[in-house]
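Participant: Next comes the structure file target15.json, holding JSON, C-alpha atoms.
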```json
[["chain", "number", "residue", "atom", "x", "y", "z"],
["A", 286, "MET", "CA", 133.98, 28.93, 65.25],
["A", 287, "GLY", "CA", 130.38, 28.30, 66.27],
["A", 288, "PHE", "CA", 128.74, 28.31, 69.68],
["A", 289, "SER", "CA", 130.98, 28.72, 72.71],
["A", 290, "GLU", "CA", 130.14, 29.86, 76.23],
["A", 291, "VAL", "CA", 129.91, 33.59, 75.46],
["A", 292, "PRO", "CA", 127.62, 33.46, 72.37],
["A", 293, "LEU", "CA", 125.42, 30.92, 74.13],
["A", 294, "THR", "CA", 125.21, 33.16, 77.21],
["A", 295, "ILE", "CA", 124.25, 36.17, 75.09],
["A", 296, "CYS", "CA", 121.50, 34.13, 73.40],
["A", 297, "ASP", "CA", 120.23, 33.07, 76.82],
["A", 298, "LEU", "CA", 120.10, 36.70, 77.99],
["A", 299, "LEU", "CA", 118.16, 37.58, 74.84],
["A", 300, "LYS", "CA", 115.87, 34.52, 74.92],
["A", 301, "GLU", "CA", 112.68, 36.55, 75.36],
["A", 302, "ASP", "CA", 113.63, 38.71, 72.35],
["A", 303, "ILE", "CA", 114.54, 35.63, 70.27],
["A", 304, "LYS", "CA", 111.16, 33.91, 70.66],
["A", 305, "GLY", "CA", 109.19, 33.90, 67.42],
["A", 306, "THR", "CA", 111.91, 35.61, 65.37],
["A", 307, "GLU", "CA", 113.68, 34.71, 62.15],
["A", 308, "ILE", "CA", 117.43, 34.18, 62.59],
["A", 309, "LEU", "CA", 120.20, 33.98, 60.02],
["A", 310, "SER", "CA", 123.55, 32.43, 60.96],
["A", 311, "LEU", "CA", 126.64, 33.19, 58.87],
["A", 312, "GLY", "CA", 128.04, 29.69, 58.71],
["A", 313, "ASN", "CA", 126.78, 26.74, 60.74],
["A", 314, "PRO", "CA", 127.47, 27.55, 64.43],
["A", 315, "PHE", "CA", 128.52, 24.05, 65.48],
["A", 316, "ILE", "CA", 128.58, 23.08, 69.16],
["A", 317, "HIS", "CA", 132.21, 21.91, 69.22],
["A", 318, "GLN", "CA", 132.38, 21.46, 73.01],
["A", 319, "PRO", "CA", 129.22, 19.87, 74.47],
["A", 320, "LYS", "CA", 130.27, 20.93, 77.99],
["A", 321, "ILE", "CA", 129.30, 24.54, 77.20],
["A", 322, "LEU", "CA", 125.66, 23.43, 77.32],
["A", 323, "ASN", "CA", 126.11, 22.95, 81.08],
["A", 324, "THR", "CA", 126.68, 26.71, 81.53],
["A", 325, "ILE", "CA", 123.06, 27.58, 80.61],
["A", 326, "SER", "CA", 120.29, 25.96, 82.67],
["A", 327, "ILE", "CA", 117.78, 25.62, 79.81],
["A", 328, "CYS", "CA", 120.46, 23.98, 77.63],
["A", 329, "LYS", "CA", 121.66, 21.71, 80.43],
["A", 330, "LYS", "CA", 118.13, 20.35, 80.89],
["A", 331, "ASN", "CA", 117.92, 19.54, 77.18],
["A", 332, "LYS", "CA", 121.55, 18.55, 76.61],
["A", 333, "ASP", "CA", 120.85, 14.94, 75.65],
["A", 334, "LEU", "CA", 118.17, 15.98, 73.15],
["A", 335, "ILE", "CA", 120.49, 18.53, 71.53],
["A", 336, "LEU", "CA", 123.46, 16.17, 71.28],
["A", 337, "ALA", "CA", 121.29, 13.35, 69.91],
["A", 338, "LYS", "CA", 120.94, 15.34, 66.69],
["A", 339, "PRO", "CA", 123.56, 15.15, 63.91],
["A", 340, "ALA", "CA", 126.26, 17.79, 64.43],
["A", 341, "LYS", "CA", 125.06, 19.92, 61.50],
["A", 342, "ASP", "CA", 121.50, 20.04, 62.93],
["A", 343, "GLN", "CA", 122.30, 20.78, 66.59],
["A", 344, "ALA", "CA", 122.28, 24.59, 66.28],
["A", 345, "LEU", "CA", 118.98, 24.42, 64.38],
["A", 346, "PHE", "CA", 117.41, 22.25, 67.11],
["A", 347, "LEU", "CA", 118.84, 24.53, 69.81],
["A", 348, "MET", "CA", 117.40, 27.73, 68.37],
["A", 349, "ILE", "CA", 114.02, 26.36, 67.25],
["A", 350, "ASN", "CA", 113.21, 23.90, 70.03],
["A", 351, "ILE", "CA", 115.03, 25.44, 73.01],
["A", 352, "PHE", "CA", 115.09, 29.18, 72.28],
["A", 353, "LYS", "CA", 111.79, 29.06, 70.33],
["A", 354, "ALA", "CA", 112.82, 31.06, 67.25],
["A", 355, "SER", "CA", 110.33, 30.69, 64.41],
["A", 356, "LYS", "CA", 112.99, 30.17, 61.71],
["A", 357, "PHE", "CA", 116.72, 29.50, 61.72],
["A", 358, "LYS", "CA", 118.58, 29.72, 58.41],
["A", 359, "ILE", "CA", 122.26, 29.18, 57.67],
["A", 360, "LEU", "CA", 124.12, 31.14, 54.99],
["A", 361, "ASP", "CA", 127.41, 29.86, 53.62],
["A", 362, "VAL", "CA", 129.55, 29.96, 50.50],
["A", 363, "SER", "CA", 128.96, 26.23, 49.89],
["A", 364, "PRO", "CA", 126.40, 23.56, 50.93],
["A", 365, "GLU", "CA", 129.11, 21.47, 52.63],
["A", 366, "GLU", "CA", 127.99, 22.24, 56.21],
["A", 367, "GLY", "CA", 124.23, 22.22, 55.73],
["A", 368, "ALA", "CA", 123.60, 25.79, 54.53],
["A", 369, "ASP", "CA", 120.09, 26.81, 53.50],
["A", 370, "ILE", "CA", 121.31, 29.85, 51.56],
["A", 371, "ILE", "CA", 124.37, 29.68, 49.30],
["A", 372, "CYS", "CA", 125.97, 33.10, 49.00],
["A", 373, "ASP", "CA", 129.43, 34.66, 48.70],
["A", 374, "LEU", "CA", 129.52, 37.64, 51.09],
["A", 375, "ASN", "CA", 132.43, 39.10, 49.11],
["A", 376, "LYS", "CA", 129.84, 40.07, 46.49],
["A", 377, "GLU", "CA", 126.72, 42.18, 46.73],
["A", 378, "ILE", "CA", 123.65, 40.13, 47.56],
["A", 379, "SER", "CA", 121.32, 40.07, 44.56],
["A", 380, "ASP", "CA", 118.41, 38.11, 46.07],
["A", 381, "LYS", "CA", 115.82, 40.73, 47.02],
["A", 382, "ASN", "CA", 114.05, 38.17, 49.24],
["A", 383, "LEU", "CA", 116.99, 38.39, 51.66],
["A", 384, "GLU", "CA", 116.78, 42.16, 52.13],
["A", 385, "ASN", "CA", 115.29, 43.45, 55.42],
["A", 386, "ARG", "CA", 114.30, 39.90, 56.31],
["A", 387, "PHE", "CA", 116.01, 38.77, 59.53],
["A", 388, "ASP", "CA", 115.42, 39.79, 63.15],
["A", 389, "PHE", "CA", 118.84, 38.49, 64.21],
["A", 390, "ILE", "CA", 122.04, 37.76, 62.30],
["A", 391, "PHE", "CA", 124.59, 35.57, 64.12],
["A", 392, "ASP", "CA", 128.25, 35.82, 63.19],
["A", 393, "PHE", "CA", 130.19, 33.51, 65.47],
["A", 394, "GLY", "CA", 133.30, 33.28, 63.32],
["A", 395, "THR", "CA", 132.62, 34.14, 59.66],
["A", 396, "GLN", "CA", 133.43, 37.79, 58.94],
["A", 397, "GLU", "CA", 137.17, 37.31, 59.41],
["A", 398, "HIS", "CA", 137.12, 34.73, 56.59],
["A", 399, "VAL", "CA", 135.52, 37.09, 54.05],
["A", 400, "PHE", "CA", 138.23, 39.05, 52.22],
["A", 401, "ASN", "CA", 135.95, 41.91, 51.18],
["A", 402, "ASP", "CA", 135.12, 42.95, 54.74],
["A", 403, "MET", "CA", 133.33, 46.15, 53.75],
["A", 404, "ASN", "CA", 131.01, 44.36, 51.35],
["A", 405, "CYS", "CA", 130.35, 41.71, 54.00],
["A", 406, "LEU", "CA", 129.14, 44.43, 56.40],
["A", 407, "VAL", "CA", 126.97, 46.03, 53.73],
["A", 408, "ASN", "CA", 125.32, 42.66, 53.12],
["A", 409, "ILE", "CA", 124.78, 42.01, 56.83],
["A", 410, "PHE", "CA", 122.92, 45.27, 57.44],
["A", 411, "LYS", "CA", 121.03, 44.92, 54.17],
["A", 412, "MET", "CA", 119.64, 41.53, 55.30],
["A", 413, "LEU", "CA", 118.84, 42.74, 58.81],
["A", 414, "LYS", "CA", 115.39, 44.16, 59.53],
["A", 415, "THR", "CA", 114.99, 47.64, 60.99],
["A", 416, "GLY", "CA", 115.07, 46.98, 64.73],
["A", 417, "GLY", "CA", 117.06, 43.78, 64.13],
["A", 418, "LYS", "CA", 120.33, 42.89, 65.85],
["A", 419, "TYR", "CA", 123.70, 41.71, 64.59],
["A", 420, "LEU", "CA", 125.39, 39.44, 67.18],
["A", 421, "PHE", "CA", 129.08, 38.79, 66.59],
["A", 422, "TYR", "CA", 131.88, 36.88, 68.27],
["A", 423, "LEU", "CA", 135.12, 37.33, 66.34],
["A", 424, "PRO", "CA", 138.88, 37.07, 66.88],
["A", 425, "ALA", "CA", 140.62, 40.11, 68.41],
["A", 426, "ASN", "CA", 144.08, 38.66, 69.10],
["A", 427, "GLY", "CA", 146.08, 35.42, 69.21],
["A", 428, "GLN", "CA", 144.76, 33.87, 65.99],
["A", 429, "ILE", "CA", 147.32, 34.73, 63.33],
["A", 430, "ASP", "CA", 146.36, 33.16, 59.98],
["A", 431, "HIS", "CA", 143.04, 31.86, 61.33],
["A", 432, "GLY", "CA", 141.37, 34.26, 58.90],
["A", 433, "PHE", "CA", 142.21, 37.38, 56.94],
["A", 434, "ARG", "CA", 142.07, 39.70, 59.98],
["A", 435, "GLN", "CA", 141.46, 40.23, 63.68],
["A", 436, "TYR", "CA", 139.29, 43.02, 65.12],
["A", 437, "SER", "CA", 139.70, 45.84, 67.62],
["A", 438, "PRO", "CA", 136.75, 47.30, 69.56],
["A", 439, "THR", "CA", 137.32, 50.66, 67.85],
["A", 440, "PHE", "CA", 136.47, 49.03, 64.50],
["A", 441, "PHE", "CA", 132.87, 48.40, 65.58],
["A", 442, "TYR", "CA", 132.51, 51.52, 67.73],
["A", 443, "ASP", "CA", 133.62, 53.79, 64.90],
["A", 444, "LEU", "CA", 131.52, 51.91, 62.34],
["A", 445, "CYS", "CA", 128.47, 52.65, 64.52],
["A", 446, "TYR", "CA", 129.54, 56.23, 65.22],
["A", 447, "GLN", "CA", 129.94, 56.98, 61.51],
["A", 448, "ASN", "CA", 126.42, 55.54, 61.03],
["A", 449, "ARG", "CA", 125.05, 56.86, 64.31],
["A", 450, "LYS", "CA", 121.60, 57.78, 62.99],
["A", 451, "SER", "CA", 121.07, 54.19, 61.91],
["A", 452, "LEU", "CA", 123.18, 51.91, 64.14],
["A", 453, "SER", "CA", 123.54, 51.60, 67.93],
["A", 454, "LEU", "CA", 125.76, 49.47, 70.17],
["A", 455, "GLU", "CA", 124.31, 47.32, 72.94],
["A", 456, "LEU", "CA", 127.43, 45.30, 73.75],
["A", 457, "LEU", "CA", 131.14, 45.48, 72.97],
["A", 458, "GLU", "CA", 133.37, 43.33, 75.16],
["A", 459, "LEU", "CA", 136.73, 41.59, 75.03],
["A", 460, "VAL", "CA", 136.97, 37.97, 76.17],
["A", 461, "ALA", "CA", 140.22, 36.09, 76.82],
["A", 462, "SER", "CA", 140.42, 32.39, 75.97],
["A", 463, "HIS", "CA", 136.61, 32.18, 75.46],
["A", 464, "ARG", "CA", 136.05, 32.59, 79.23],
["A", 465, "ARG", "CA", 133.79, 35.16, 80.87],
["A", 466, "THR", "CA", 136.21, 35.19, 83.83],
["A", 467, "PHE", "CA", 138.58, 37.31, 81.75],
["A", 468, "SER", "CA", 136.12, 39.58, 79.98],
["A", 469, "PHE", "CA", 135.26, 43.25, 80.27],
["A", 470, "ASN", "CA", 133.08, 45.90, 78.69],
["A", 471, "THR", "CA", 135.06, 48.24, 76.39],
["A", 472, "LEU", "CA", 132.32, 50.86, 76.05],
["A", 473, "PRO", "CA", 133.39, 52.97, 79.10],
["A", 474, "LEU", "CA", 136.54, 53.88, 77.14],
["A", 475, "TYR", "CA", 134.47, 55.40, 74.32],
["A", 476, "ARG", "CA", 132.05, 57.08, 76.70],
["A", 477, "ARG", "CA", 135.03, 58.83, 78.24],
["A", 478, "LEU", "CA", 136.69, 59.76, 74.94],
["A", 479, "GLU", "CA", 133.55, 60.92, 73.14],
["A", 480, "SER", "CA", 131.03, 63.27, 74.75],
["A", 481, "SER", "CA", 128.42, 62.38, 72.10],
["A", 482, "SER", "CA", 128.83, 58.60, 72.52],
["A", 483, "ASP", "CA", 125.34, 58.38, 74.04],
["A", 484, "SER", "CA", 124.00, 58.84, 70.52],
["A", 485, "ILE", "CA", 125.01, 55.25, 69.70],
["A", 486, "ILE", "CA", 125.54, 53.42, 73.02],
["A", 487, "GLU", "CA", 122.37, 51.94, 74.51],
["A", 488, "LEU", "CA", 123.17, 52.90, 78.12],
["A", 489, "ASP", "CA", 120.06, 51.26, 79.53],
["A", 490, "ILE", "CA", 120.94, 47.94, 77.91],
["A", 491, "SER", "CA", 124.75, 47.63, 77.99],
["A", 492, "ASN", "CA", 124.93, 46.90, 81.73],
["A", 493, "ILE", "CA", 122.66, 43.84, 81.72],
["A", 494, "TYR", "CA", 125.32, 41.60, 80.22],
["A", 495, "LEU", "CA", 127.94, 39.69, 82.15],
["A", 496, "SER", "CA", 130.95, 41.74, 81.12],
["A", 497, "LYS", "CA", 132.70, 43.75, 83.83],
["A", 498, "ASP", "CA", 132.71, 47.55, 83.76],
["A", 499, "LEU", "CA", 136.24, 48.74, 84.56],
["A", 500, "GLY", "CA", 135.39, 52.43, 84.18],
["A", 501, "PRO", "CA", 138.44, 54.69, 83.70],
["A", 502, "PHE", "CA", 140.78, 51.68, 83.74],
["A", 503, "THR", "CA", 139.31, 50.18, 80.54],
["A", 504, "GLY", "CA", 142.17, 51.45, 78.36],
["A", 505, "MET", "CA", 144.75, 49.93, 80.69],
["A", 506, "ALA", "CA", 142.85, 46.62, 80.67],
["A", 507, "ILE", "CA", 142.98, 46.59, 76.87],
["A", 508, "ASN", "CA", 146.78, 46.98, 77.06],
["A", 509, "VAL", "CA", 146.94, 44.04, 79.49],
["A", 510, "MET", "CA", 144.66, 41.97, 77.25],
["A", 511, "ASN", "CA", 147.18, 42.44, 74.43],
["A", 512, "GLN", "CA", 149.59, 40.26, 76.44],
["A", 513, "PHE", "CA", 147.36, 37.21, 76.92],
["A", 514, "ASN", "CA", 148.94, 34.04, 75.57],
["A", 515, "GLY", "CA", 145.61, 32.52, 74.52],
["A", 516, "ASP", "CA", 142.95, 33.72, 72.11],
["A", 517, "VAL", "CA", 141.20, 37.03, 72.72],
["A", 518, "MET", "CA", 137.72, 37.43, 71.23],
["A", 519, "ILE", "CA", 135.45, 40.40, 70.70],
["A", 520, "ALA", "CA", 131.73, 40.00, 71.36],
["A", 521, "GLY", "CA", 129.13, 42.56, 70.41],
["A", 522, "ILE", "CA", 125.56, 43.45, 69.55],
["A", 523, "ILE", "CA", 124.74, 46.13, 66.97],
["A", 524, "LYS", "CA", 121.14, 47.20, 66.48],
["A", 525, "LYS", "CA", 119.86, 48.51, 63.14],
["A", 526, "GLN", "CA", 117.72, 51.56, 63.97],
["A", 527, "SER", "CA", 116.64, 52.47, 60.44],
["A", 528, "ASP", "CA", 117.05, 51.51, 56.80],
["A", 529, "PHE", "CA", 120.12, 53.25, 55.39],
["A", 530, "GLU", "CA", 123.16, 53.14, 53.13],
["A", 531, "LEU", "CA", 126.18, 52.05, 55.20],
["A", 532, "LYS", "CA", 128.98, 54.63, 55.43],
["A", 533, "LEU", "CA", 132.43, 53.08, 55.45],
["A", 534, "ASP", "CA", 134.87, 55.97, 55.94],
["A", 535, "PRO", "CA", 135.04, 56.57, 59.71],
["A", 536, "CYS", "CA", 137.86, 58.35, 61.49],
["A", 537, "GLN", "CA", 139.13, 56.49, 64.57],
["A", 538, "CYS", "CA", 137.68, 57.71, 67.87],
["A", 539, "LEU", "CA", 141.07, 58.24, 69.53],
["A", 540, "TYR", "CA", 142.34, 60.60, 66.84],
["A", 541, "ARG", "CA", 138.97, 62.27, 66.41],
["A", 542, "ASN", "CA", 138.91, 63.42, 70.03],
["A", 543, "LEU", "CA", 142.52, 63.78, 71.24],
["A", 544, "SER", "CA", 145.46, 65.84, 70.06],
["A", 545, "LEU", "CA", 148.74, 64.26, 69.01],
["A", 546, "SER", "CA", 150.39, 65.40, 72.25],
["A", 547, "GLU", "CA", 147.66, 63.60, 74.23],
["A", 548, "THR", "CA", 147.87, 60.34, 72.29],
["A", 549, "CYS", "CA", 151.68, 60.45, 72.01],
["A", 550, "PRO", "CA", 153.01, 62.72, 74.81],
["A", 551, "GLU", "CA", 156.59, 62.15, 73.71],
["A", 552, "TYR", "CA", 155.80, 64.33, 70.68],
["A", 553, "SER", "CA", 154.80, 67.23, 72.91],
["A", 554, "ARG", "CA", 157.11, 70.23, 72.63],
["A", 555, "LYS", "CA", 156.96, 70.68, 76.40],
["A", 556, "ASN", "CA", 159.03, 68.28, 78.45],
["A", 557, "LYS", "CA", 157.30, 68.99, 81.75],
["A", 558, "LEU", "CA", 155.11, 66.33, 83.31],
["A", 559, "THR", "CA", 151.40, 66.73, 82.52],
["A", 560, "SER", "CA", 148.35, 64.69, 83.52],
["A", 561, "ALA", "CA", 148.19, 63.35, 79.95],
["A", 562, "ASN", "CA", 151.85, 62.27, 80.11],
["A", 563, "LEU", "CA", 151.30, 60.61, 83.47],
["A", 564, "LYS", "CA", 148.21, 58.68, 82.32],
["A", 565, "VAL", "CA", 149.98, 57.34, 79.25],
["A", 566, "PHE", "CA", 153.07, 56.49, 81.32],
["A", 567, "LEU", "CA", 151.00, 54.45, 83.79],
["A", 568, "LYS", "CA", 149.11, 52.72, 80.97],
["A", 569, "LYS", "CA", 152.42, 51.63, 79.51],
["A", 570, "LEU", "CA", 154.13, 50.84, 82.81],
["A", 571, "TYR", "CA", 151.60, 48.45, 84.32],
["A", 572, "PRO", "CA", 151.31, 46.10, 81.30],
["A", 573, "SER", "CA", 155.13, 45.98, 81.10],
["A", 574, "LEU", "CA", 155.52, 44.56, 84.63],
["A", 575, "PRO", "CA", 157.26, 41.13, 84.52],
["A", 576, "PHE", "CA", 154.45, 38.74, 85.46],
["A", 577, "PRO", "CA", 151.69, 36.95, 83.51],
["A", 578, "ALA", "CA", 148.81, 38.90, 81.99],
["A", 579, "PHE", "CA", 146.09, 36.97, 83.83],
["A", 580, "ILE", "CA", 147.70, 37.96, 87.17],
["A", 581, "LYS", "CA", 147.87, 41.61, 86.06],
["A", 582, "PHE", "CA", 144.20, 41.37, 85.11],
["A", 583, "LYS", "CA", 143.22, 39.97, 88.54],
["A", 584, "LEU", "CA", 145.29, 42.59, 90.36],
["A", 585, "LEU", "CA", 143.68, 45.34, 88.27],
["A", 586, "HIS", "CA", 140.23, 44.02, 89.23],
["A", 587, "ALA", "CA", 141.21, 43.96, 92.91],
["A", 588, "PHE", "CA", 142.54, 47.52, 92.72],
["A", 589, "ILE", "CA", 139.36, 48.75, 90.99],
["A", 590, "SER", "CA", 137.17, 47.12, 93.66],
["A", 591, "ILE", "CA", 139.15, 48.87, 96.45],
["A", 592, "TRP", "CA", 139.22, 52.17, 94.52],
["A", 593, "ARG", "CA", 135.43, 52.10, 94.10],
["A", 594, "ARG", "CA", 134.86, 51.41, 97.78],
["A", 595, "VAL", "CA", 136.97, 54.33, 98.95],
["A", 596, "SER", "CA", 135.99, 56.83, 96.26]]
```
Here is the file; what I need is its structure written in the form of structure tokens.
Facilitator:
Amino acid sequence: MGFSEVPLTICDLLKEDIKGTEILSLGNPFIHQPKILNTISICKKNKDLILAKPAKDQALFLMINIFKASKFKILDVSPEEGADIICDLNKEISDKNLENRFDFIFDFGTQEHVFNDMNCLVNIFKMLKTGGKYLFYLPANGQIDHGFRQYSPTFFYDLCYQNRKSLSLELLELVASHRRTFSFNTLPLYRRLESSSDSIIELDISNIYLSKDLGPFTGMAINVMNQFNGDVMIAGIIKKQSDFELKLDPCQCLYRNLSLSETCPEYSRKNKLTSANLKVFLKKLYPSLPFPAFIKFKLLHAFISIWRRVS
């Protein structure tokens, strides 16, 4: 998939942290649409220099010469697209020189193409230094057969929660059609569902990014996002807090914290209306209204703005 507006924006927000670091990219993050360089001032100034390089070298030039990383390596299963490291992420990495080596690992469209997803994650966090960050931008919806799978926010939240002494989340947002206009932060949903979520969510960091915080309406926004006709992506940053052995048997947050009658009120033995029934009813009703998802999304934003002013 490579660089698009959102990954490039995240790199720009982290530019001071990126300086002098060693970065590994899973696959060559090609700049498929040169116009995205216009969205970041430092890239716009150097656009001609970046695009003058061969396509396979543009990301390298961008990260070394513009963002001032000390090293930028590409890992891939073959040398076809200019990889420095040839490795199959389906298998356990055997090269000890790759362990605890990288300050950042970029995954802008690789994990969904690796069949052994669990082993891929083990390898990622094995290669990442303690204190290092895994930046990902992966398909969440609308890309059937693009890869082996698409991802929900709960996948990454629960991965971090199960490994909460060693992993923390700095960003977890959904983005429709690669545009920040239709993006929002999903973390408020997990803060509300899980009283101990502060143990993995970096509260002082998560609000600096450009995603919108929809507060208690995050779950409803996710239901609306399911109806977008275009691609929906998930962007995130996971920080490795300590060296550890990755646990891969989490229970999903929703079922860990709510009863069956709360998640599926129709299964409740009582037929009377409860607050849980009403919330679920509204979450289902609004997305089912007969007009396009992007209009529902804009109306939801407008309602939230008014609600926050009067509350």
Participant: Measuring between all atoms listed in the file, which one of A:Lys353, A:Lys330, A:Lys450, A:His586 shows the shortest distance to A:Lys532?
Facilitator: A:Lys450
Participant: Please compute the atom CA of A:Ile327-atom CA of A:Thr471 distance, one decimal, in Å.
Facilitator: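 Between these atoms lies a distance of 28.7 Å.
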Participant: What is the atom CA of A:Met403-atom CA of A:Phe529 distance in Å, reported with one decimal?
Facilitator: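 Computing the Euclidean distance for atom CA of A:Met403 and atom CA of A:Phe529 yields 15.1 Å.
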Participant: Neighbouring residues of stretch 500-507 of chain A were defined as those with any atom within 6 Å, considering all atoms listed in the file; residues of the same chain fewer than 5 positions away were excluded. Please report them as a list in words.
Facilitator: Pro473, Leu474 and Lys568 of chain A
Participant: Counting only C-alpha atoms, I want the residues whose atoms come within 12 Å of (131.5, 19.2, 75.4) in the file frame, returned as a PyMOL selection string.
Facilitator: chain A and resi 288-290+315-324+329+332-333+335-336
Participant: When you draw a straight line from atom CA of A:Asp297 to atom CA of A:Glu455, how long is it in Å?
Facilitator: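 Atom CA of A:Glu455 lies at a distance of 15.3 Å from atom CA of A:Asp297.
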Participant: Neighbouring residues of stretch 367-384 of chain A were defined as those with any atom within 10 Å, considering only C-alpha atoms; residues of the same chain fewer than 2 positions away were excluded. Please report them as a ChimeraX atom specification.
Facilitator: /A:309-313,340-342,357-365,386-387,395-396,398-414
Participant: With distances taken over all atoms listed in the file, which residue among A:Thr294, A:Asn514, A:Gln343, A:Asn508 lies nearest A:Ser437?
Facilitator: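 Smallest distance to A:Ser437 is found for A:Asn508.
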Participant: Find the residue from A:Leu299, A:Leu423, A:Ile390, A:Val460 that sits nearest to A:Phe513; use all atoms listed in the file when measuring.
Facilitator: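 Between A:Leu299, A:Leu423, A:Ile390, A:Val460, the residue approaching A:Phe513 most closely is A:Val460.
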